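Here's start31.json, which has JSON, C-alpha atoms:
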[["chain", "number", "residue", "atom", "x", "y", "z"],
["A", 24, "MET", "CA", 74.78, 93.12, 74.84],
["A", 25, "ASN", "CA", 75.02, 90.00, 76.97],
["A", 26, "LEU", "CA", 74.93, 91.26, 80.54],
["A", 27, "GLU", "CA", 74.88, 87.73, 81.93],
["A", 28, "LYS", "CA", 78.26, 87.09, 80.32],
["A", 29, "LEU", "CA", 79.63, 90.21, 82.01],
["A", 30, "MET", "CA", 78.18, 88.97, 85.30],
["A", 31, "ASP", "CA", 80.52, 85.98, 85.00],
["A", 32, "LEU", "CA", 83.56, 88.26, 85.37],
["A", 33, "PRO", "CA", 85.42, 87.89, 88.68],
["A", 34, "GLY", "CA", 83.65, 89.71, 91.49],
["A", 35, "ALA", "CA", 80.87, 91.09, 89.27],
["A", 36, "LEU", "CA", 78.01, 92.54, 91.30],
["A", 37, "ALA", "CA", 76.17, 94.28, 88.49],
["A", 38, "ALA", "CA", 76.36, 94.94, 84.77],
["A", 39, "PHE", "CA", 74.51, 97.66, 82.95],
["A", 40, "THR", "CA", 74.14, 99.56, 79.70],
["A", 41, "TYR", "CA", 73.28, 103.20, 79.21],
["A", 42, "SER", "CA", 72.52, 105.64, 76.41],
["A", 43, "ASP", "CA", 74.93, 108.31, 75.13],
["A", 44, "LYS", "CA", 73.15, 110.76, 77.43],
["A", 45, "GLY", "CA", 73.57, 108.51, 80.45],
["A", 46, "ASP", "CA", 70.09, 107.06, 80.73],
["A", 47, "LEU", "CA", 70.17, 103.57, 82.22],
["A", 48, "GLN", "CA", 68.91, 101.14, 79.57],
["A", 49, "SER", "CA", 69.37, 97.65, 80.95],
["A", 50, "HIS", "CA", 70.91, 96.11, 84.01],
["A", 51, "SER", "CA", 71.59, 92.92, 85.89],
["A", 52, "ILE", "CA", 72.22, 92.99, 89.65],
["A", 53, "ARG", "CA", 73.46, 90.09, 91.73],
["A", 54, "GLU", "CA", 71.07, 89.22, 94.54],
["A", 55, "GLY", "CA", 72.12, 90.22, 98.04],
["A", 56, "THR", "CA", 74.18, 93.25, 97.04],
["A", 57, "GLU", "CA", 73.50, 96.82, 98.07],
["A", 58, "ILE", "CA", 73.52, 98.02, 94.47],
["A", 59, "THR", "CA", 70.13, 99.36, 93.41],
["A", 60, "PRO", "CA", 68.76, 100.45, 90.02],
["A", 61, "GLN", "CA", 68.75, 103.98, 91.43],
["A", 62, "VAL", "CA", 72.51, 103.78, 92.04],
["A", 63, "LEU", "CA", 73.03, 102.43, 88.52],
["A", 64, "ASP", "CA", 70.92, 105.22, 87.07],
["A", 65, "LEU", "CA", 73.11, 107.85, 88.71],
["A", 66, "LEU", "CA", 76.26, 105.89, 87.96],
["A", 67, "SER", "CA", 75.37, 105.78, 84.26],
["A", 68, "ARG", "CA", 75.41, 109.56, 84.10],
["A", 69, "SER", "CA", 78.74, 109.79, 85.86],
["A", 70, "CYS", "CA", 80.13, 107.11, 83.49],
["A", 71, "VAL", "CA", 79.28, 109.24, 80.46],
["A", 72, "ALA", "CA", 80.83, 112.29, 82.12],
["A", 73, "ASN", "CA", 83.99, 110.47, 83.22],
["A", 74, "LEU", "CA", 84.55, 108.88, 79.82],
["A", 75, "ALA", "CA", 84.14, 112.27, 78.16],
["A", 76, "ILE", "CA", 86.61, 113.88, 80.55],
["A", 77, "ALA", "CA", 89.09, 111.02, 80.19],
["A", 78, "GLY", "CA", 88.80, 111.24, 76.40],
["A", 79, "MET", "CA", 89.49, 114.96, 76.52],
["A", 80, "GLU", "CA", 92.48, 114.42, 78.80],
["A", 81, "ALA", "CA", 93.89, 111.67, 76.57],
["A", 82, "ARG", "CA", 93.56, 113.84, 73.49],
["A", 83, "GLY", "CA", 95.02, 116.87, 75.24],
["A", 84, "TRP", "CA", 97.87, 114.89, 76.76],
["A", 85, "GLU", "CA", 98.91, 113.46, 73.41],
["A", 86, "ALA", "CA", 98.70, 116.86, 71.73],
["A", 87, "LEU", "CA", 100.67, 118.64, 74.45],
["A", 88, "THR", "CA", 103.34, 116.05, 75.18],
["A", 89, "GLY", "CA", 103.68, 114.32, 71.82],
["A", 90, "GLN", "CA", 103.40, 110.99, 73.64],
["A", 91, "ALA", "CA", 101.22, 108.30, 72.05],
["A", 92, "GLY", "CA", 99.27, 105.36, 73.39],
["A", 93, "PHE", "CA", 96.45, 107.12, 75.20],
["A", 94, "GLN", "CA", 93.96, 107.23, 72.35],
["A", 95, "PRO", "CA", 91.60, 105.67, 71.58],
["A", 96, "LEU", "CA", 90.40, 105.43, 75.13],
["A", 97, "GLN", "CA", 89.58, 101.87, 76.20],
["A", 98, "GLY", "CA", 87.74, 102.62, 79.40],
["A", 99, "PHE", "CA", 87.64, 104.26, 82.78],
["A", 100, "SER", "CA", 87.27, 102.86, 86.27],
["A", 101, "VAL", "CA", 86.42, 104.41, 89.61],
["A", 102, "VAL", "CA", 87.70, 102.41, 92.57],
["A", 103, "GLY", "CA", 85.36, 102.74, 95.52],
["A", 104, "LEU", "CA", 85.81, 101.44, 99.04],
["A", 105, "GLU", "CA", 84.14, 98.08, 98.43],
["A", 106, "TRP", "CA", 83.64, 97.91, 94.69],
["A", 107, "SER", "CA", 84.93, 99.32, 91.44],
["A", 108, "VAL", "CA", 82.93, 100.38, 88.44],
["A", 109, "VAL", "CA", 84.62, 99.69, 85.10],
["A", 110, "VAL", "CA", 83.12, 101.26, 82.00],
["A", 111, "ASN", "CA", 83.73, 101.57, 78.30],
["A", 112, "GLY", "CA", 81.44, 102.72, 75.54],
["A", 113, "ASN", "CA", 77.89, 102.30, 76.74],
["A", 114, "THR", "CA", 78.47, 99.41, 79.12],
["A", 115, "GLY", "CA", 79.62, 99.15, 82.72],
["A", 116, "VAL", "CA", 80.43, 96.47, 85.26],
["A", 117, "ILE", "CA", 80.55, 96.81, 89.03],
["A", 118, "ALA", "CA", 82.94, 94.35, 90.64],
["A", 119, "ARG", "CA", 83.91, 93.65, 94.24],
["A", 120, "ASN", "CA", 87.40, 95.03, 94.93],
["A", 121, "ARG", "CA", 88.76, 91.89, 96.55],
["A", 122, "ASP", "CA", 87.92, 89.80, 93.50],
["A", 123, "VAL", "CA", 88.06, 92.25, 90.61],
["A", 124, "ASP", "CA", 90.26, 91.52, 87.61],
["A", 125, "TYR", "CA", 90.62, 94.95, 86.00],
["A", 126, "GLU", "CA", 92.32, 93.69, 82.86],
["A", 127, "ALA", "CA", 89.77, 90.97, 82.21],
["A", 128, "THR", "CA", 86.96, 93.45, 82.80],
["A", 129, "PHE", "CA", 88.43, 96.09, 80.48],
["A", 130, "SER", "CA", 89.00, 93.39, 77.86],
["A", 131, "ALA", "CA", 85.46, 92.07, 78.19],
["A", 132, "LEU", "CA", 84.06, 95.57, 77.77],
["A", 133, "GLN", "CA", 86.31, 96.17, 74.77],
["A", 134, "THR", "CA", 84.87, 93.18, 72.96],
["A", 135, "ALA", "CA", 81.32, 93.57, 74.30],
["B", 22, "MET", "CA", 110.76, 100.66, 100.22],
["B", 23, "HIS", "CA", 108.88, 103.79, 99.22],
["B", 24, "ILE", "CA", 105.87, 103.03, 97.06],
["B", 25, "VAL", "CA", 107.09, 105.07, 94.08],
["B", 26, "LYS", "CA", 110.42, 103.23, 94.04],
["B", 27, "GLN", "CA", 108.61, 99.93, 94.44],
["B", 28, "LEU", "CA", 106.35, 100.71, 91.50],
["B", 29, "MET", "CA", 109.26, 101.84, 89.34],
["B", 30, "ALA", "CA", 110.99, 98.51, 89.96],
["B", 31, "ILE", "CA", 108.20, 96.72, 88.07],
["B", 32, "PRO", "CA", 108.89, 96.22, 84.33],
["B", 33, "GLY", "CA", 106.34, 98.15, 82.30],
["B", 34, "VAL", "CA", 105.83, 100.99, 84.77],
["B", 35, "ILE", "CA", 106.67, 104.14, 82.81],
["B", 36, "ALA", "CA", 106.47, 106.67, 85.63],
["B", 37, "ALA", "CA", 105.05, 106.98, 89.13],
["B", 38, "GLY", "CA", 104.67, 109.85, 91.52],
["B", 39, "GLU", "CA", 102.90, 111.56, 94.37],
["B", 40, "PHE", "CA", 100.86, 114.74, 94.19],
["B", 41, "ALA", "CA", 99.62, 117.10, 96.85],
["B", 42, "TYR", "CA", 95.92, 117.74, 97.03],
["B", 43, "ARG", "CA", 96.55, 121.46, 96.99],
["B", 44, "GLY", "CA", 98.21, 120.98, 93.63],
["B", 45, "ASP", "CA", 101.34, 122.88, 94.50],
["B", 46, "ARG", "CA", 103.73, 120.01, 95.10],
["B", 47, "PHE", "CA", 104.58, 116.78, 93.39],
["B", 48, "SER", "CA", 107.37, 114.24, 93.15],
["B", 49, "TYR", "CA", 107.94, 111.53, 90.59],
["B", 50, "GLU", "CA", 110.30, 109.03, 89.04],
["B", 51, "GLY", "CA", 110.38, 107.72, 85.50],
["B", 52, "ALA", "CA", 110.02, 108.85, 81.92],
["B", 53, "LEU", "CA", 108.38, 112.24, 82.41],
["B", 54, "THR", "CA", 109.86, 115.71, 82.26],
["B", 55, "ASP", "CA", 109.31, 118.02, 85.24],
["B", 56, "GLU", "CA", 106.67, 119.90, 83.27],
["B", 57, "PHE", "CA", 104.85, 116.72, 82.21],
["B", 58, "ALA", "CA", 104.94, 115.45, 85.79],
["B", 59, "ARG", "CA", 103.47, 118.75, 86.95],
["B", 60, "MET", "CA", 100.70, 118.44, 84.36],
["B", 61, "ALA", "CA", 100.10, 114.80, 85.33],
["B", 62, "SER", "CA", 99.81, 115.80, 88.99],
["B", 63, "ILE", "CA", 97.24, 118.48, 88.17],
["B", 64, "LEU", "CA", 95.29, 116.03, 85.99],
["B", 65, "CYS", "CA", 95.32, 113.35, 88.68],
["B", 66, "ARG", "CA", 94.28, 115.82, 91.37],
["B", 67, "ALA", "CA", 91.39, 117.09, 89.24],
["B", 68, "ASN", "CA", 90.15, 113.58, 88.46],
["B", 69, "THR", "CA", 90.44, 112.52, 92.09],
["B", 70, "LEU", "CA", 88.43, 115.51, 93.24],
["B", 71, "SER", "CA", 85.85, 114.86, 90.53],
["B", 72, "VAL", "CA", 85.24, 111.21, 91.38],
["B", 73, "ASN", "CA", 85.12, 112.08, 95.08],
["B", 74, "MET", "CA", 82.45, 114.67, 94.37],
["B", 75, "GLN", "CA", 80.48, 112.05, 92.44],
["B", 76, "SER", "CA", 80.73, 109.57, 95.29],
["B", 77, "GLU", "CA", 79.34, 112.18, 97.68],
["B", 78, "ILE", "CA", 76.30, 112.48, 95.41],
["B", 79, "PHE", "CA", 75.88, 108.69, 95.21],
["B", 80, "ASP", "CA", 76.08, 108.51, 98.97],
["B", 81, "SER", "CA", 73.34, 111.10, 99.37],
["B", 82, "PHE", "CA", 71.07, 108.95, 97.18],
["B", 83, "ALA", "CA", 72.06, 105.58, 98.58],
["B", 84, "GLY", "CA", 74.00, 105.70, 101.82],
["B", 85, "ASN", "CA", 76.60, 103.02, 102.44],
["B", 86, "CYS", "CA", 76.32, 101.75, 98.90],
["B", 87, "GLY", "CA", 80.00, 100.79, 98.96],
["B", 88, "CYS", "CA", 81.53, 103.48, 96.80],
["B", 89, "ARG", "CA", 82.56, 106.06, 99.38],
["B", 90, "PRO", "CA", 85.24, 107.08, 100.09],
["B", 91, "VAL", "CA", 86.69, 106.66, 96.63],
["B", 92, "GLN", "CA", 90.07, 104.92, 96.66],
["B", 93, "GLY", "CA", 91.23, 105.83, 93.18],
["B", 94, "TRP", "CA", 90.57, 105.64, 89.46],
["B", 95, "ILE", "CA", 91.98, 104.15, 86.26],
["B", 96, "THR", "CA", 92.09, 105.52, 82.72],
["B", 97, "ARG", "CA", 92.74, 102.79, 80.18],
["B", 98, "GLY", "CA", 94.34, 104.02, 76.96],
["B", 99, "SER", "CA", 95.19, 102.00, 73.87],
["B", 100, "GLN", "CA", 98.77, 101.29, 75.01],
["B", 101, "VAL", "CA", 99.13, 103.18, 78.28],
["B", 102, "THR", "CA", 97.07, 103.12, 81.47],
["B", 103, "VAL", "CA", 97.06, 105.83, 84.11],
["B", 104, "CYS", "CA", 96.03, 104.76, 87.58],
["B", 105, "ALA", "CA", 95.73, 106.75, 90.79],
["B", 106, "VAL", "CA", 95.19, 105.57, 94.36],
["B", 107, "GLY", "CA", 94.94, 108.25, 97.01],
["B", 108, "ASN", "CA", 97.54, 110.84, 96.06],
["B", 109, "TYR", "CA", 99.82, 108.47, 94.14],
["B", 110, "PHE", "CA", 99.74, 107.93, 90.39],
["B", 111, "ALA", "CA", 101.35, 105.58, 87.91],
["B", 112, "PHE", "CA", 101.68, 105.54, 84.14],
["B", 113, "ILE", "CA", 102.01, 101.94, 82.99],
["B", 114, "GLU", "CA", 102.20, 100.02, 79.74],
["B", 115, "ASN", "CA", 99.30, 97.79, 78.80],
["B", 116, "ARG", "CA", 101.06, 94.50, 79.52],
["B", 117, "PRO", "CA", 99.28, 91.32, 80.63],
["B", 118, "GLU", "CA", 98.62, 91.33, 84.38],
["B", 119, "LEU", "CA", 100.53, 94.56, 84.97],
["B", 120, "LEU", "CA", 97.47, 96.67, 85.80],
["B", 121, "ASN", "CA", 96.20, 94.11, 88.30],
["B", 122, "ASP", "CA", 99.64, 93.87, 89.93],
["B", 123, "VAL", "CA", 100.09, 97.64, 90.13],
["B", 124, "MET", "CA", 96.61, 98.17, 91.59],
["B", 125, "THR", "CA", 97.18, 95.39, 94.15],
["B", 126, "ILE", "CA", 100.48, 96.93, 95.23],
["B", 127, "MET", "CA", 99.12, 100.47, 95.37],
["B", 128, "ARG", "CA", 96.07, 99.44, 97.38],
["B", 129, "ALA", "CA", 98.17, 97.34, 99.75],
["B", 130, "LYS", "CA", 100.91, 99.91, 100.28],
["B", 131, "ILE", "CA", 98.72, 103.00, 100.52],
["B", 132, "GLY", "CA", 95.94, 101.32, 102.48],
["B", 133, "ASP", "CA", 92.29, 102.29, 102.58],
["B", 134, "ILE", "CA", 91.70, 105.96, 101.90],
["B", 135, "GLN", "CA", 89.60, 107.35, 104.73],
["B", 136, "ASP", "CA", 86.59, 109.63, 104.69],
["B", 137, "ASP", "CA", 88.60, 112.67, 105.63],
["B", 138, "LEU", "CA", 90.58, 112.45, 102.45],
["B", 139, "LEU", "CA", 91.39, 116.08, 101.84],
["B", 140, "VAL", "CA", 92.62, 116.80, 105.34],
["B", 141, "ASN", "CA", 94.47, 113.49, 105.41],
["B", 142, "LEU", "CA", 96.35, 114.22, 102.23],
["B", 143, "TYR", "CA", 97.01, 117.78, 103.21],
["B", 144, "ALA", "CA", 98.43, 116.63, 106.54],
["B", 145, "ARG", "CA", 100.88, 114.31, 104.77],
["B", 146, "ILE", "CA", 102.69, 117.20, 103.19],
["B", 147, "GLY", "CA", 102.76, 119.20, 106.42],
["B", 148, "GLY", "CA", 101.18, 122.50, 107.32],
["B", 149, "ASP", "CA", 98.04, 123.52, 109.13],
["B", 150, "THR", "CA", 95.34, 120.95, 108.40],
["B", 151, "LYS", "CA", 92.61, 123.34, 109.59],
["B", 152, "GLU", "CA", 93.54, 125.86, 106.94],
["B", 153, "ALA", "CA", 91.10, 126.17, 104.02],
["B", 154, "LEU", "CA", 91.91, 123.52, 101.44],
["B", 155, "TYR", "CA", 90.58, 125.24, 98.35]]
Can the structure in the file be given as structure tokens, please?
Amino acid sequence: MNLEKLMDLPGALAAFTYSDKGDLQSHSIREGTEITPQVLDLLSRSCVANLAIAGMEARGWEALTGQAGFQPLQGFSVVGLEWSVVVNGNTGVIARNRDVDYEATFSALQTA
Amino acid sequence: MHIVKQLMAIPGVIAAGEFAYRGDRFSYEGALTDEFARMASILCRANTLSVNMQSEIFDSFAGNCGCRPVQGWITRGSQVTVCAVGNYFAFIENRPELLNDVMTIMRAKIGDIQDDLLVNLYARIGGDTKEALY
């Protein structure tokens, strides 16, 4: 996983990887931000939880409504006040809201 | 123009709507049945509450880290994306630049969601804002 490549995404403040259980495995944080490894550690666990919930919802929605196009899940993002965290698989990127390109970030995580 | 109508005017937006935090009211436009829109409103409300709970925990570990209050969330499917900002949601096709445009419009039209999110949203649909919200 090339975190430095993810750090080139618009507005990227941090990039990180985590295990299936949500343990933070590697990270890169831009200097001068308020993101800390402790925040990333907690965020990793919520990423695993949110992706699991979103996957369940996508599966349930398709089964209940007969609509397609939700699975396979290609990521989840939480939009905070100043930054958004975009995750897929075992990788996440935090990007500043005023600069973030959600589509480019989801695409980068899809191919990462 | 109302935000839902504005969103529905964009090619590629499948449906858009507004849900009440209490979960008992919703409105929508687009390609959903009433029952699917009701289910979507419940789903969006549950996810919004969940990510807000998470942000409260982050804030207790690292105050003013920039995540709180949560403004919304996005679920990216293979062909469809669901995005929510405040108490509005949109189902959109995965077309180039559409997600960025929709998020920009939603953030601009709805504005920053404040700390007192639950009371704020409850107040929008009327009623006694001091009443228990759960």
Got a sec to check which residues sit within 12 Å of (93.3, 105.2, 81.5), counting only C-alpha atoms, and write them as a CSV table (one decimal) with C-alpha atoms, in the frame of the given file?
chain,number,residue,atom,x,y,z
A,73,ASN,CA,84.0,110.5,83.2
A,74,LEU,CA,84.6,108.9,79.8
A,76,ILE,CA,86.6,113.9,80.6
A,77,ALA,CA,89.1,111.0,80.2
A,78,GLY,CA,88.8,111.2,76.4
A,79,MET,CA,89.5,115.0,76.5
A,80,GLU,CA,92.5,114.4,78.8
A,81,ALA,CA,93.9,111.7,76.6
A,82,ARG,CA,93.6,113.8,73.5
A,84,TRP,CA,97.9,114.9,76.8
A,92,GLY,CA,99.3,105.4,73.4
A,93,PHE,CA,96.4,107.1,75.2
A,94,GLN,CA,94.0,107.2,72.4
A,95,PRO,CA,91.6,105.7,71.6
A,96,LEU,CA,90.4,105.4,75.1
A,97,GLN,CA,89.6,101.9,76.2
A,98,GLY,CA,87.7,102.6,79.4
A,99,PHE,CA,87.6,104.3,82.8
A,100,SER,CA,87.3,102.9,86.3
A,101,VAL,CA,86.4,104.4,89.6
A,109,VAL,CA,84.6,99.7,85.1
A,110,VAL,CA,83.1,101.3,82.0
A,111,ASN,CA,83.7,101.6,78.3
A,125,TYR,CA,90.6,95.0,86.0
A,126,GLU,CA,92.3,93.7,82.9
A,129,PHE,CA,88.4,96.1,80.5
B,64,LEU,CA,95.3,116.0,86.0
B,65,CYS,CA,95.3,113.4,88.7
B,68,ASN,CA,90.2,113.6,88.5
B,93,GLY,CA,91.2,105.8,93.2
B,94,TRP,CA,90.6,105.6,89.5
B,95,ILE,CA,92.0,104.2,86.3
B,96,THR,CA,92.1,105.5,82.7
B,97,ARG,CA,92.7,102.8,80.2
B,98,GLY,CA,94.3,104.0,77.0
B,99,SER,CA,95.2,102.0,73.9
B,100,GLN,CA,98.8,101.3,75.0
B,101,VAL,CA,99.1,103.2,78.3
B,102,THR,CA,97.1,103.1,81.5
B,103,VAL,CA,97.1,105.8,84.1
B,104,CYS,CA,96.0,104.8,87.6
B,105,ALA,CA,95.7,106.8,90.8
B,110,PHE,CA,99.7,107.9,90.4
B,111,ALA,CA,101.4,105.6,87.9
B,112,PHE,CA,101.7,105.5,84.1
B,113,ILE,CA,102.0,101.9,83.0
B,114,GLU,CA,102.2,100.0,79.7
B,115,ASN,CA,99.3,97.8,78.8
B,120,LEU,CA,97.5,96.7,85.8
Taking all atoms of stretch 94-109 of chain A that appear in the file, build a box with edges along x, y and z, extend it by 5 Å on every side, and state its centre and edge lengths in Å to one decimal, as lines of an AutoDock Vina configuration file.
center_x = 88.4
center_y = 102.6
center_z = 85.3
size_x = 21.0
size_y = 19.3
size_z = 37.5
Can you work out the spacing between atom CA of A:Gly89 and atom CA of B:Met124 in Å, to one decimal?
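Atom CA of B:Met124 lies 26.5 Å from atom CA of A:Gly89.
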Of the candidates B:Gly38, B:Val106, B:Gly87, B:Glu77, which one gets nearest to B:Arg59 if we count only C-alpha atoms?
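Once distances to B:Arg59 are computed over only C-alpha atoms, the minimum belongs to B:Gly38.
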For atom CA of B:Phe79 and atom CA of A:Val116, determine how far apart the two atoms are, in Å to one decimal place.
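Between atom CA of B:Phe79 and atom CA of A:Val116 the gap is 16.4 Å.
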Show me, as a list in words, the residues that have an atom within 10 Å of stretch 49-56 of chain B when counting only C-alpha atoms, minus same-chain residues fewer than 4 positions from it.
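Result of the neighbour search: Thr88 of chain A; Val25, Lys26, Leu28, Met29, Val34, Ile35, Ala36, Ala37, Gly38, Glu39, Phe40, Met60, Ala61, Ser62, Tyr109, Phe110, Ala111 and Phe112 of chain B.
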Can you measure atom CA of A:Ala135 to atom CA of A:Thr59 for me? One decimal in Å is fine.
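Distance reported for this atom pair: 22.9 Å.
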Within 6 Å of stretch 44-58 of chain A, counting only C-alpha atoms, which residues qualify if same-chain residues fewer than 4 places away don't, as a list of chain:residue names?
A:Leu36, A:Ala37, A:Ala38, A:Phe39, A:Thr40, A:Asp64, A:Ser67, A:Arg68, A:Val71, B:Cys86
Dump of stretch 82-145 of chain B from preceding block, C-alpha atoms, as a PDB file, in the first residue's frame:
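So the final result, stored in decode.pdb, reads:
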ATOM      1  CA  PHE B  82     -10.237  11.304  23.043  1.00  0.00           C
ATOM      2  CA  ALA B  83      -9.056  14.248  21.002  1.00  0.00           C
ATOM      3  CA  GLY B  84     -11.063  17.419  21.470  1.00  0.00           C
ATOM      4  CA  ASN B  85     -11.444  19.743  18.501  1.00  0.00           C
ATOM      5  CA  CYS B  86      -9.932  17.198  16.156  1.00  0.00           C
ATOM      6  CA  GLY B  87     -12.146  18.498  13.351  1.00  0.00           C
ATOM      7  CA  CYS B  88     -14.716  15.744  13.067  1.00  0.00           C
ATOM      8  CA  ARG B  89     -17.489  17.025  15.311  1.00  0.00           C
ATOM      9  CA  PRO B  90     -20.270  17.768  14.665  1.00  0.00           C
ATOM     10  CA  VAL B  91     -20.639  15.292  11.842  1.00  0.00           C
ATOM     11  CA  GLN B  92     -22.127  16.844   8.714  1.00  0.00           C
ATOM     12  CA  GLY B  93     -23.104  13.678   6.893  1.00  0.00           C
ATOM     13  CA  TRP B  94     -21.968  10.410   5.377  1.00  0.00           C
ATOM     14  CA  ILE B  95     -21.665   8.630   2.026  1.00  0.00           C
ATOM     15  CA  THR B  96     -22.127   4.973   1.110  1.00  0.00           C
ATOM     16  CA  ARG B  97     -20.545   4.159  -2.243  1.00  0.00           C
ATOM     17  CA  GLY B  98     -22.105   1.175  -4.002  1.00  0.00           C
ATOM     18  CA  SER B  99     -21.054  -0.397  -7.285  1.00  0.00           C
ATOM     19  CA  GLN B 100     -23.492   1.695  -9.346  1.00  0.00           C
ATOM     20  CA  VAL B 101     -25.414   3.740  -6.796  1.00  0.00           C
ATOM     21  CA  THR B 102     -24.243   6.071  -4.039  1.00  0.00           C
ATOM     22  CA  VAL B 103     -26.305   7.123  -1.042  1.00  0.00           C
ATOM     23  CA  CYS B 104     -25.321  10.384   0.588  1.00  0.00           C
ATOM     24  CA  ALA B 105     -26.785  12.181   3.578  1.00  0.00           C
ATOM     25  CA  VAL B 106     -26.127  15.679   4.897  1.00  0.00           C
ATOM     26  CA  GLY B 107     -27.998  16.705   8.018  1.00  0.00           C
ATOM     27  CA  ASN B 108     -31.481  15.281   7.601  1.00  0.00           C
ATOM     28  CA  TYR B 109     -31.460  15.192   3.805  1.00  0.00           C
ATOM     29  CA  PHE B 110     -30.540  12.185   1.697  1.00  0.00           C
ATOM     30  CA  ALA B 111     -29.947  11.460  -1.972  1.00  0.00           C
ATOM     31  CA  PHE B 112     -29.652   8.295  -4.022  1.00  0.00           C
ATOM     32  CA  ILE B 113     -27.474   9.010  -7.039  1.00  0.00           C
ATOM     33  CA  GLU B 114     -25.966   7.115  -9.943  1.00  0.00           C
ATOM     34  CA  ASN B 115     -22.208   6.675 -10.038  1.00  0.00           C
ATOM     35  CA  ARG B 116     -21.579   9.175 -12.827  1.00  0.00           C
ATOM     36  CA  PRO B 117     -18.369  11.187 -13.211  1.00  0.00           C
ATOM     37  CA  GLU B 118     -18.376  14.280 -10.984  1.00  0.00           C
ATOM     38  CA  LEU B 119     -21.961  13.744  -9.825  1.00  0.00           C
ATOM     39  CA  LEU B 120     -21.073  12.827  -6.242  1.00  0.00           C
ATOM     40  CA  ASN B 121     -18.826  15.871  -5.863  1.00  0.00           C
ATOM     41  CA  ASP B 122     -21.526  18.140  -7.317  1.00  0.00           C
ATOM     42  CA  VAL B 123     -24.274  16.703  -5.122  1.00  0.00           C
ATOM     43  CA  MET B 124     -22.161  16.966  -1.967  1.00  0.00           C
ATOM     44  CA  THR B 125     -21.195  20.554  -2.821  1.00  0.00           C
ATOM     45  CA  ILE B 126     -24.836  21.515  -3.335  1.00  0.00           C
ATOM     46  CA  MET B 127     -26.045  19.732  -0.210  1.00  0.00           C
ATOM     47  CA  ARG B 128     -23.340  21.264   1.968  1.00  0.00           C
ATOM     48  CA  ALA B 129     -23.951  24.724   0.517  1.00  0.00           C
ATOM     49  CA  LYS B 130     -27.736  24.619   0.734  1.00  0.00           C
ATOM     50  CA  ILE B 131     -28.043  22.948   4.120  1.00  0.00           C
ATOM     51  CA  GLY B 132     -25.139  24.789   5.702  1.00  0.00           C
ATOM     52  CA  ASP B 133     -22.977  23.639   8.585  1.00  0.00           C
ATOM     53  CA  ILE B 134     -24.748  21.259  10.917  1.00  0.00           C
ATOM     54  CA  GLN B 135     -24.415  22.608  14.438  1.00  0.00           C
ATOM     55  CA  ASP B 136     -23.545  20.882  17.688  1.00  0.00           C
ATOM     56  CA  ASP B 137     -27.129  20.751  18.827  1.00  0.00           C
ATOM     57  CA  LEU B 138     -28.065  18.538  15.942  1.00  0.00           C
ATOM     58  CA  LEU B 139     -30.887  16.541  17.443  1.00  0.00           C
ATOM     59  CA  VAL B 140     -32.761  19.508  18.847  1.00  0.00           C
ATOM     60  CA  ASN B 141     -32.097  21.474  15.674  1.00  0.00           C
ATOM     61  CA  LEU B 142     -33.556  18.810  13.446  1.00  0.00           C
ATOM     62  CA  TYR B 143     -36.442  18.190  15.766  1.00  0.00           C
ATOM     63  CA  ALA B 144     -37.251  21.896  15.788  1.00  0.00           C
ATOM     64  CA  ARG B 145     -37.416  21.962  11.984  1.00  0.00           C
TER      65      ARG B 145
END
